[in-house]
file structure.csv (CSV, N, CA, C and O atoms)
chain,number,residue,atom,x,y,z
A,1,VAL,N,14.8,73.1,-14.0
A,1,VAL,CA,14.7,71.9,-14.8
A,1,VAL,C,15.3,70.7,-14.1
A,1,VAL,O,16.5,70.9,-13.6
A,2,THR,N,14.6,69.6,-14.0
A,2,THR,CA,15.2,68.4,-13.3
A,2,THR,C,15.0,67.2,-14.3
A,2,THR,O,14.3,67.3,-15.3
A,3,LEU,N,15.6,66.2,-13.9
A,3,LEU,CA,15.5,64.9,-14.7
A,3,LEU,C,14.1,64.4,-14.8
A,3,LEU,O,13.6,64.0,-15.8
A,4,GLN,N,13.3,64.6,-13.7
A,4,GLN,CA,12.0,64.2,-13.6
A,4,GLN,C,11.0,65.0,-14.5
A,4,GLN,O,10.0,64.5,-15.0
A,5,THR,N,11.3,66.2,-14.7
A,5,THR,CA,10.4,67.1,-15.5
A,5,THR,C,10.8,67.2,-17.0
A,5,THR,O,10.1,67.8,-17.8
A,6,LEU,N,11.9,66.5,-17.3
A,6,LEU,CA,12.5,66.7,-18.7
A,6,LEU,C,11.5,66.2,-19.8
A,6,LEU,O,11.4,66.8,-20.8
A,7,ASP,N,10.9,65.0,-19.5
A,7,ASP,CA,10.0,64.4,-20.6
A,7,ASP,C,8.8,65.4,-20.8
A,7,ASP,O,8.5,65.6,-22.0
A,8,ASP,N,8.2,65.9,-19.8
A,8,ASP,CA,7.1,66.8,-19.9
A,8,ASP,C,7.5,68.1,-20.6
A,8,ASP,O,6.8,68.5,-21.5
A,9,LEU,N,8.6,68.6,-20.2
A,9,LEU,CA,9.1,69.8,-20.9
A,9,LEU,C,9.5,69.6,-22.3
A,9,LEU,O,9.2,70.5,-23.2
A,10,SER,N,10.0,68.5,-22.7
A,10,SER,CA,10.4,68.2,-24.1
A,10,SER,C,9.2,68.3,-25.0
A,10,SER,O,9.3,68.8,-26.1
A,11,THR,N,8.1,67.7,-24.6
A,11,THR,CA,6.9,67.7,-25.5
A,11,THR,C,6.2,69.1,-25.6
A,11,THR,O,5.6,69.4,-26.6
A,12,LYS,N,6.4,69.9,-24.6
A,12,LYS,CA,5.7,71.2,-24.6
A,12,LYS,C,6.5,72.4,-25.0
A,12,LYS,O,6.0,73.4,-25.5
A,13,HIS,N,7.8,72.4,-24.6
A,13,HIS,CA,8.6,73.6,-24.7
A,13,HIS,C,9.9,73.5,-25.5
A,13,HIS,O,10.5,74.5,-25.8
A,14,PHE,N,10.3,72.3,-25.9
A,14,PHE,CA,11.6,72.2,-26.6
A,14,PHE,C,11.4,72.7,-28.1
A,14,PHE,O,10.3,72.5,-28.6
A,15,PRO,N,12.3,73.4,-28.7
A,15,PRO,CA,12.2,73.7,-30.1
A,15,PRO,C,12.2,72.3,-30.9
A,15,PRO,O,12.8,71.3,-30.4
A,16,PRO,N,11.7,72.3,-32.1
A,16,PRO,CA,11.6,71.1,-32.8
A,16,PRO,C,12.9,70.3,-33.0
A,16,PRO,O,12.9,69.1,-32.9
A,17,CYS,N,14.0,71.0,-33.2
A,17,CYS,CA,15.2,70.3,-33.4
A,17,CYS,C,15.7,69.6,-32.2
A,17,CYS,O,16.2,68.4,-32.2
A,18,MET,N,15.5,70.2,-31.0
A,18,MET,CA,15.9,69.6,-29.8
A,18,MET,C,14.9,68.5,-29.3
A,18,MET,O,15.3,67.5,-28.8
A,19,PHE,N,13.7,68.7,-29.6
A,19,PHE,CA,12.7,67.6,-29.4
A,19,PHE,C,13.0,66.4,-30.2
A,19,PHE,O,13.0,65.3,-29.6
A,20,GLU,N,13.4,66.6,-31.4
A,20,GLU,CA,13.8,65.4,-32.3
A,20,GLU,C,15.0,64.7,-31.7
A,20,GLU,O,15.0,63.5,-31.7
A,21,ALA,N,16.0,65.5,-31.3
A,21,ALA,CA,17.2,64.9,-30.8
A,21,ALA,C,16.9,64.2,-29.5
A,21,ALA,O,17.4,63.0,-29.3
A,22,PHE,N,16.2,64.8,-28.6
A,22,PHE,CA,15.8,64.1,-27.3
A,22,PHE,C,15.0,62.9,-27.6
A,22,PHE,O,15.3,61.8,-26.9
A,23,SER,N,14.1,62.9,-28.5
A,23,SER,CA,13.3,61.7,-28.8
A,23,SER,C,14.1,60.6,-29.4
A,23,SER,O,13.9,59.4,-29.0
A,24,GLU,N,15.1,61.0,-30.2
A,24,GLU,CA,16.0,60.0,-30.8
A,24,GLU,C,16.8,59.3,-29.7
A,24,GLU,O,17.0,58.1,-29.7
A,25,LEU,N,17.3,60.1,-28.7
A,25,LEU,CA,18.0,59.6,-27.6
A,25,LEU,C,17.2,58.6,-26.8
A,25,LEU,O,17.6,57.5,-26.4
A,26,ARG,N,16.0,59.0,-26.6
A,26,ARG,CA,15.1,58.1,-25.8
A,26,ARG,C,14.7,56.9,-26.5
A,26,ARG,O,14.5,55.8,-25.9
A,27,GLN,N,14.5,56.9,-27.8
A,27,GLN,CA,14.1,55.7,-28.5
A,27,GLN,C,15.2,54.8,-28.9
A,27,GLN,O,15.1,53.6,-28.8
A,28,ARG,N,16.3,55.4,-29.4
A,28,ARG,CA,17.4,54.5,-29.9
A,28,ARG,C,18.6,54.5,-28.9
A,28,ARG,O,19.5,53.7,-29.1
A,29,HIS,N,18.6,55.3,-27.9
A,29,HIS,CA,19.6,55.3,-26.9
A,29,HIS,C,21.0,55.6,-27.4
A,29,HIS,O,22.0,55.2,-27.0
A,30,HIS,N,21.0,56.4,-28.5
A,30,HIS,CA,22.2,56.8,-29.1
A,30,HIS,C,22.0,58.1,-30.0
A,30,HIS,O,21.0,58.2,-30.6
A,31,LEU,N,23.0,58.9,-30.1
A,31,LEU,CA,23.1,60.0,-31.0
A,31,LEU,C,24.5,60.1,-31.5
A,31,LEU,O,25.4,59.8,-30.9
A,32,LYS,N,24.6,60.7,-32.7
A,32,LYS,CA,25.9,60.9,-33.3
A,32,LYS,C,26.5,62.1,-32.6
A,32,LYS,O,25.9,62.8,-31.8
A,33,ASP,N,27.8,62.3,-32.8
A,33,ASP,CA,28.6,63.2,-32.0
A,33,ASP,C,28.0,64.6,-32.0
A,33,ASP,O,27.9,65.2,-31.0
A,34,LEU,N,27.7,65.2,-33.2
A,34,LEU,CA,27.1,66.5,-33.2
A,34,LEU,C,25.8,66.6,-32.5
A,34,LEU,O,25.5,67.6,-31.8
A,35,GLY,N,24.9,65.6,-32.6
A,35,GLY,CA,23.7,65.6,-31.9
A,35,GLY,C,23.9,65.6,-30.4
A,35,GLY,O,23.2,66.3,-29.7
A,36,ARG,N,24.8,64.8,-29.9
A,36,ARG,CA,25.1,64.7,-28.5
A,36,ARG,C,25.6,66.1,-28.0
A,36,ARG,O,25.2,66.6,-27.0
A,37,PHE,N,26.5,66.7,-28.8
A,37,PHE,CA,27.1,68.0,-28.4
A,37,PHE,C,26.0,69.0,-28.3
A,37,PHE,O,25.9,69.7,-27.3
A,38,MET,N,25.1,69.1,-29.3
A,38,MET,CA,24.0,70.1,-29.3
A,38,MET,C,23.0,69.9,-28.2
A,38,MET,O,22.6,70.8,-27.5
A,39,LEU,N,22.6,68.6,-28.0
A,39,LEU,CA,21.6,68.3,-26.9
A,39,LEU,C,22.2,68.5,-25.5
A,39,LEU,O,21.5,69.1,-24.7
A,40,ILE,N,23.4,68.2,-25.3
A,40,ILE,CA,24.0,68.4,-24.0
A,40,ILE,C,24.1,69.9,-23.7
A,40,ILE,O,23.7,70.4,-22.6
A,41,LEU,N,24.5,70.7,-24.7
A,41,LEU,CA,24.6,72.1,-24.4
A,41,LEU,C,23.2,72.8,-24.3
A,41,LEU,O,23.0,73.7,-23.5
A,42,PHE,N,22.2,72.3,-25.0
A,42,PHE,CA,20.9,72.8,-24.9
A,42,PHE,C,20.3,72.5,-23.5
A,42,PHE,O,19.8,73.4,-22.8
A,43,LEU,N,20.5,71.2,-23.0
A,43,LEU,CA,20.0,70.9,-21.7
A,43,LEU,C,20.8,71.7,-20.6
A,43,LEU,O,20.1,72.1,-19.6
A,44,LYS,N,22.0,72.0,-20.8
A,44,LYS,CA,22.8,72.8,-19.9
A,44,LYS,C,22.2,74.2,-19.9
A,44,LYS,O,22.0,74.8,-18.8
A,45,ALA,N,21.9,74.7,-21.1
A,45,ALA,CA,21.4,76.1,-21.2
A,45,ALA,C,20.1,76.3,-20.6
A,45,ALA,O,19.8,77.4,-20.1
A,46,ILE,N,19.2,75.3,-20.6
A,46,ILE,CA,17.9,75.4,-20.0
A,46,ILE,C,17.9,75.2,-18.5
A,46,ILE,O,16.9,75.3,-17.8
A,47,GLY,N,19.1,74.8,-18.0
A,47,GLY,CA,19.2,74.7,-16.5
A,47,GLY,C,19.3,73.3,-15.9
A,47,GLY,O,19.1,73.1,-14.7
A,48,LEU,N,19.5,72.3,-16.7
A,48,LEU,CA,19.6,70.9,-16.2
A,48,LEU,C,20.9,70.8,-15.4
A,48,LEU,O,22.0,71.0,-16.0
A,49,PRO,N,20.9,70.5,-14.2
A,49,PRO,CA,22.1,70.3,-13.4
A,49,PRO,C,23.0,69.2,-13.9
A,49,PRO,O,22.6,68.3,-14.5
A,50,PHE,N,24.3,69.4,-13.7
A,50,PHE,CA,25.3,68.4,-14.2
A,50,PHE,C,25.0,67.0,-13.7
A,50,PHE,O,25.0,66.0,-14.5
A,51,GLU,N,24.6,66.8,-12.5
A,51,GLU,CA,24.4,65.5,-12.0
A,51,GLU,C,23.2,64.8,-12.7
A,51,GLU,O,23.2,63.6,-13.0
A,52,ASP,N,22.1,65.6,-12.9
A,52,ASP,CA,21.0,65.1,-13.7
A,52,ASP,C,21.3,64.7,-15.1
A,52,ASP,O,20.9,63.7,-15.7
A,53,ALA,N,22.1,65.6,-15.7
A,53,ALA,CA,22.6,65.3,-17.1
A,53,ALA,C,23.4,64.0,-17.2
A,53,ALA,O,23.2,63.2,-18.1
A,54,LYS,N,24.3,63.9,-16.2
A,54,LYS,CA,25.1,62.7,-16.2
A,54,LYS,C,24.2,61.4,-16.0
A,54,LYS,O,24.4,60.4,-16.7
A,55,LYS,N,23.3,61.5,-15.1
A,55,LYS,CA,22.3,60.3,-14.9
A,55,LYS,C,21.6,60.0,-16.2
A,55,LYS,O,21.4,58.9,-16.5
A,56,LEU,N,21.1,61.1,-16.9
A,56,LEU,CA,20.3,60.9,-18.1
A,56,LEU,C,21.1,60.1,-19.1
A,56,LEU,O,20.7,59.1,-19.7
A,57,TRP,N,22.3,60.6,-19.4
A,57,TRP,CA,23.1,60.1,-20.4
A,57,TRP,C,23.6,58.7,-20.1
A,57,TRP,O,23.6,57.8,-21.0
A,58,VAL,N,24.0,58.4,-18.9
A,58,VAL,CA,24.4,57.1,-18.5
A,58,VAL,C,23.2,56.1,-18.6
A,58,VAL,O,23.4,55.0,-19.1
A,59,ARG,N,22.1,56.5,-18.1
A,59,ARG,CA,20.9,55.7,-18.2
A,59,ARG,C,20.5,55.3,-19.7
A,59,ARG,O,20.3,54.2,-20.0
A,60,GLU,N,20.5,56.3,-20.5
A,60,GLU,CA,20.2,56.1,-21.9
A,60,GLU,C,21.3,55.3,-22.7
A,60,GLU,O,21.0,54.4,-23.4
A,61,TRP,N,22.5,55.6,-22.4
A,61,TRP,CA,23.6,54.9,-23.1
A,61,TRP,C,23.7,53.5,-22.7
A,61,TRP,O,24.1,52.6,-23.5
A,62,SER,N,23.4,53.2,-21.4
A,62,SER,CA,23.5,51.8,-21.0
A,62,SER,C,22.4,50.9,-21.7
A,62,SER,O,22.6,49.7,-21.6
A,63,LYS,N,21.4,51.4,-22.3
A,63,LYS,CA,20.4,50.7,-23.0
A,63,LYS,C,20.7,50.5,-24.5
A,63,LYS,O,20.1,49.7,-25.2
A,64,GLY,N,21.7,51.3,-25.0
A,64,GLY,CA,21.9,51.3,-26.4
A,64,GLY,C,23.1,50.5,-26.9
A,64,GLY,O,23.6,49.7,-26.1
A,65,PRO,N,23.5,50.7,-28.1
A,65,PRO,CA,24.6,49.9,-28.7
A,65,PRO,C,26.0,50.2,-28.1
A,65,PRO,O,26.8,49.4,-28.3
A,66,ALA,N,26.2,51.3,-27.5
A,66,ALA,CA,27.5,51.6,-26.9
A,66,ALA,C,27.5,51.4,-25.4
A,66,ALA,O,28.0,52.2,-24.6
A,67,ARG,N,27.0,50.2,-25.0
A,67,ARG,CA,26.8,49.9,-23.6
A,67,ARG,C,28.0,50.1,-22.7
A,67,ARG,O,27.9,50.5,-21.6
A,68,GLY,N,29.2,49.6,-23.1
A,68,GLY,CA,30.3,49.6,-22.3
A,68,GLY,C,31.1,50.9,-22.1
A,68,GLY,O,32.1,51.0,-21.5
A,69,GLN,N,30.5,52.0,-22.6
A,69,GLN,CA,31.2,53.3,-22.6
A,69,GLN,C,30.8,54.3,-21.6
A,69,GLN,O,30.8,55.5,-21.8
A,70,GLN,N,30.4,53.8,-20.4
A,70,GLN,CA,29.9,54.7,-19.4
A,70,GLN,C,30.9,55.8,-19.0
A,70,GLN,O,30.6,56.9,-18.9
A,71,ARG,N,32.2,55.4,-18.9
A,71,ARG,CA,33.2,56.3,-18.5
A,71,ARG,C,33.4,57.4,-19.5
A,71,ARG,O,33.5,58.6,-19.2
A,72,GLU,N,33.3,57.0,-20.8
A,72,GLU,CA,33.4,58.0,-21.9
A,72,GLU,C,32.3,59.0,-21.9
A,72,GLU,O,32.4,60.2,-22.1
A,73,ILE,N,31.1,58.5,-21.6
A,73,ILE,CA,29.9,59.4,-21.6
A,73,ILE,C,30.0,60.4,-20.4
A,73,ILE,O,29.7,61.5,-20.6
A,74,VAL,N,30.4,59.9,-19.3
A,74,VAL,CA,30.5,60.8,-18.1
A,74,VAL,C,31.5,61.9,-18.4
A,74,VAL,O,31.3,63.0,-18.1
A,75,TYR,N,32.6,61.5,-19.0
A,75,TYR,CA,33.7,62.4,-19.4
A,75,TYR,C,33.1,63.5,-20.4
A,75,TYR,O,33.3,64.7,-20.3
A,76,MET,N,32.4,63.0,-21.4
A,76,MET,CA,31.8,63.9,-22.4
A,76,MET,C,30.9,64.9,-21.8
A,76,MET,O,31.0,66.1,-22.1
A,77,VAL,N,30.0,64.5,-21.0
A,77,VAL,CA,29.1,65.4,-20.3
A,77,VAL,C,29.8,66.4,-19.4
A,77,VAL,O,29.6,67.6,-19.4
A,78,GLY,N,30.8,65.8,-18.7
A,78,GLY,CA,31.6,66.7,-17.8
A,78,GLY,C,32.4,67.7,-18.6
A,78,GLY,O,32.6,68.8,-18.1
A,79,HIS,N,32.9,67.3,-19.7
A,79,HIS,CA,33.6,68.2,-20.6
A,79,HIS,C,32.8,69.4,-21.0
A,79,HIS,O,33.2,70.6,-21.0
A,80,LYS,N,31.5,69.1,-21.5
A,80,LYS,CA,30.7,70.2,-21.9
A,80,LYS,C,30.2,71.1,-20.8
A,80,LYS,O,29.9,72.3,-21.0
A,81,TYR,N,30.1,70.6,-19.6
A,81,TYR,CA,29.8,71.3,-18.4
A,81,TYR,C,31.0,72.0,-17.7
A,81,TYR,O,30.8,72.7,-16.7
A,82,GLY,N,32.2,71.8,-18.3
A,82,GLY,CA,33.3,72.5,-17.8
A,82,GLY,C,33.9,71.8,-16.6
A,82,GLY,O,34.6,72.4,-15.8
A,83,ARG,N,33.7,70.5,-16.4
A,83,ARG,CA,34.2,69.8,-15.2
A,83,ARG,C,35.3,68.8,-15.6
A,83,ARG,O,35.8,68.0,-14.7
A,84,ALA,N,35.6,68.7,-16.9
A,84,ALA,CA,36.6,67.7,-17.3
A,84,ALA,C,37.4,68.4,-18.5
A,84,ALA,O,37.0,69.4,-19.0
A,85,GLY,N,38.5,67.7,-18.8
A,85,GLY,CA,39.3,68.3,-19.9
A,85,GLY,C,40.0,69.6,-19.5
A,85,GLY,O,40.5,69.7,-18.5
A,86,LYS,N,39.9,70.6,-20.4
A,86,LYS,CA,40.5,71.9,-20.1
A,86,LYS,C,39.6,72.8,-19.2
A,86,LYS,O,39.9,73.9,-19.0
A,87,ARG,N,38.5,72.2,-18.8
A,87,ARG,CA,37.6,72.9,-17.8
A,87,ARG,C,37.0,74.2,-18.4
A,87,ARG,O,36.8,75.1,-17.7
A,88,GLN,N,36.7,74.2,-19.7
A,88,GLN,CA,36.1,75.3,-20.3
A,88,GLN,C,34.6,75.0,-20.4
A,88,GLN,O,34.2,74.0,-20.9
A,89,SER,N,33.8,75.9,-19.9
A,89,SER,CA,32.4,75.8,-19.9
A,89,SER,C,31.9,76.3,-21.3
A,89,SER,O,32.1,77.5,-21.6
A,90,TYR,N,31.3,75.4,-22.1
A,90,TYR,CA,30.8,75.8,-23.4
A,90,TYR,C,29.5,76.5,-23.3
A,90,TYR,O,28.7,76.3,-22.5
call {"tool": "encode", "arguments": {"input": "structure.csv", "output": "structure tokens"}}
result
Amino acid sequence: VTLQTLDDLSTKHFPPCMFEAFSELRQRHHLKDLGRFMLILFLKAIGLPFEDAKKLWVREWSKGPARGQQREIVYMVGHKYGRAGKRQSY
């Protein structure tokens, strides 16, 4: 799974709940905390590399209402991938 193939995969293979969350992220460039948590872990579970996940979230977040929070988003993604915080991989 790569960042380039994610849109195609989402329409064909994502379960409905993850497709809805991914679509919401792409349309509104924002998700509430639980939605972000679930989507990040789902993308990690299907094999999206950390660097691609980081690029996706920074790109989407920079278009949305929380524009100035790039550092927080990178930390959040890194935390779920076990690269920040207590370095626990979820």
call {"tool": "closest_residue", "arguments": {"input": "structure.csv", "among": "A:Thr11, A:Gln27, A:Gln69, A:Thr5", "to": "Trp57 of chain A", "atoms": "all atoms listed in the file"}}
result
A:Gln69
call {"tool": "select_by_dssp", "arguments": {"input": "structure.csv", "residues": "chain A", "states": "alpha helix (DSSP H)", "output": "ChimeraX atom specification"}}
result
/A:6-13,16-28,33-45,50-61,70-80
call {"tool": "closest_atom_pairs", "arguments": {"input": "structure.csv", "of": "segment 14-35 of chain A", "to": "segment 40-46 of chain A", "cutoff": "8 Å", "atoms": "all atoms listed in the file", "output": "JSON lines"}}
result
{"residue": "A:Met18", "atom": "CA", "partner": "A:Phe42", "partner_atom": "CA", "distance": 7.7}
{"residue": "A:Asp33", "atom": "O", "partner": "A:Ile40", "partner_atom": "N", "distance": 7.9}
{"residue": "A:Leu34", "atom": "O", "partner": "A:Ile40", "partner_atom": "N", "distance": 6.9}
{"residue": "A:Gly35", "atom": "O", "partner": "A:Ile40", "partner_atom": "N", "distance": 4.8}
call {"tool": "residues_around", "arguments": {"input": "structure.csv", "residues": "Tyr90 of chain A", "least_positions_apart": "4", "cutoff": "7 Å", "atoms": "only N, CA, C and O atoms", "output": "count of residues only"}}
result
5
call {"tool": "atom_distance", "arguments": {"input": "structure.csv", "atom1": "atom C of Val1 of chain A", "atom2": "atom O of Pro65 of chain A"}}
result
28.1 Å
call {"tool": "atom_distance", "arguments": {"input": "structure.csv", "atom1": "atom N of Lys86 of chain A", "atom2": "atom O of Phe22 of chain A"}}
result
26.9 Å
call {"tool": "atom_distance", "arguments": {"input": "structure.csv", "atom1": "atom C of Val77 of chain A", "atom2": "atom N of Lys54 of chain A"}}
result
6.8 Å
call {"tool": "closest_residue", "arguments": {"input": "structure.csv", "among": "A:Leu48, A:Ala84, A:Leu31, A:Leu39", "to": "Trp61 of chain A", "atoms": "only C-alpha atoms"}}
result
A:Leu31
call {"tool": "residues_around", "arguments": {"input": "structure.csv", "residues": "Gly85 of chain A", "least_positions_apart": "6", "cutoff": "10 Å", "atoms": "only C-alpha atoms", "output": "MDAnalysis selection string"}}
result
chainID A and resid 75:76 78:79
call {"tool": "closest_residue", "arguments": {"input": "structure.csv", "among": "A:Lys12, A:Val58, A:Glu24, A:Thr2", "to": "Arg71 of chain A", "atoms": "all atoms listed in the file"}}
result
A:Val58
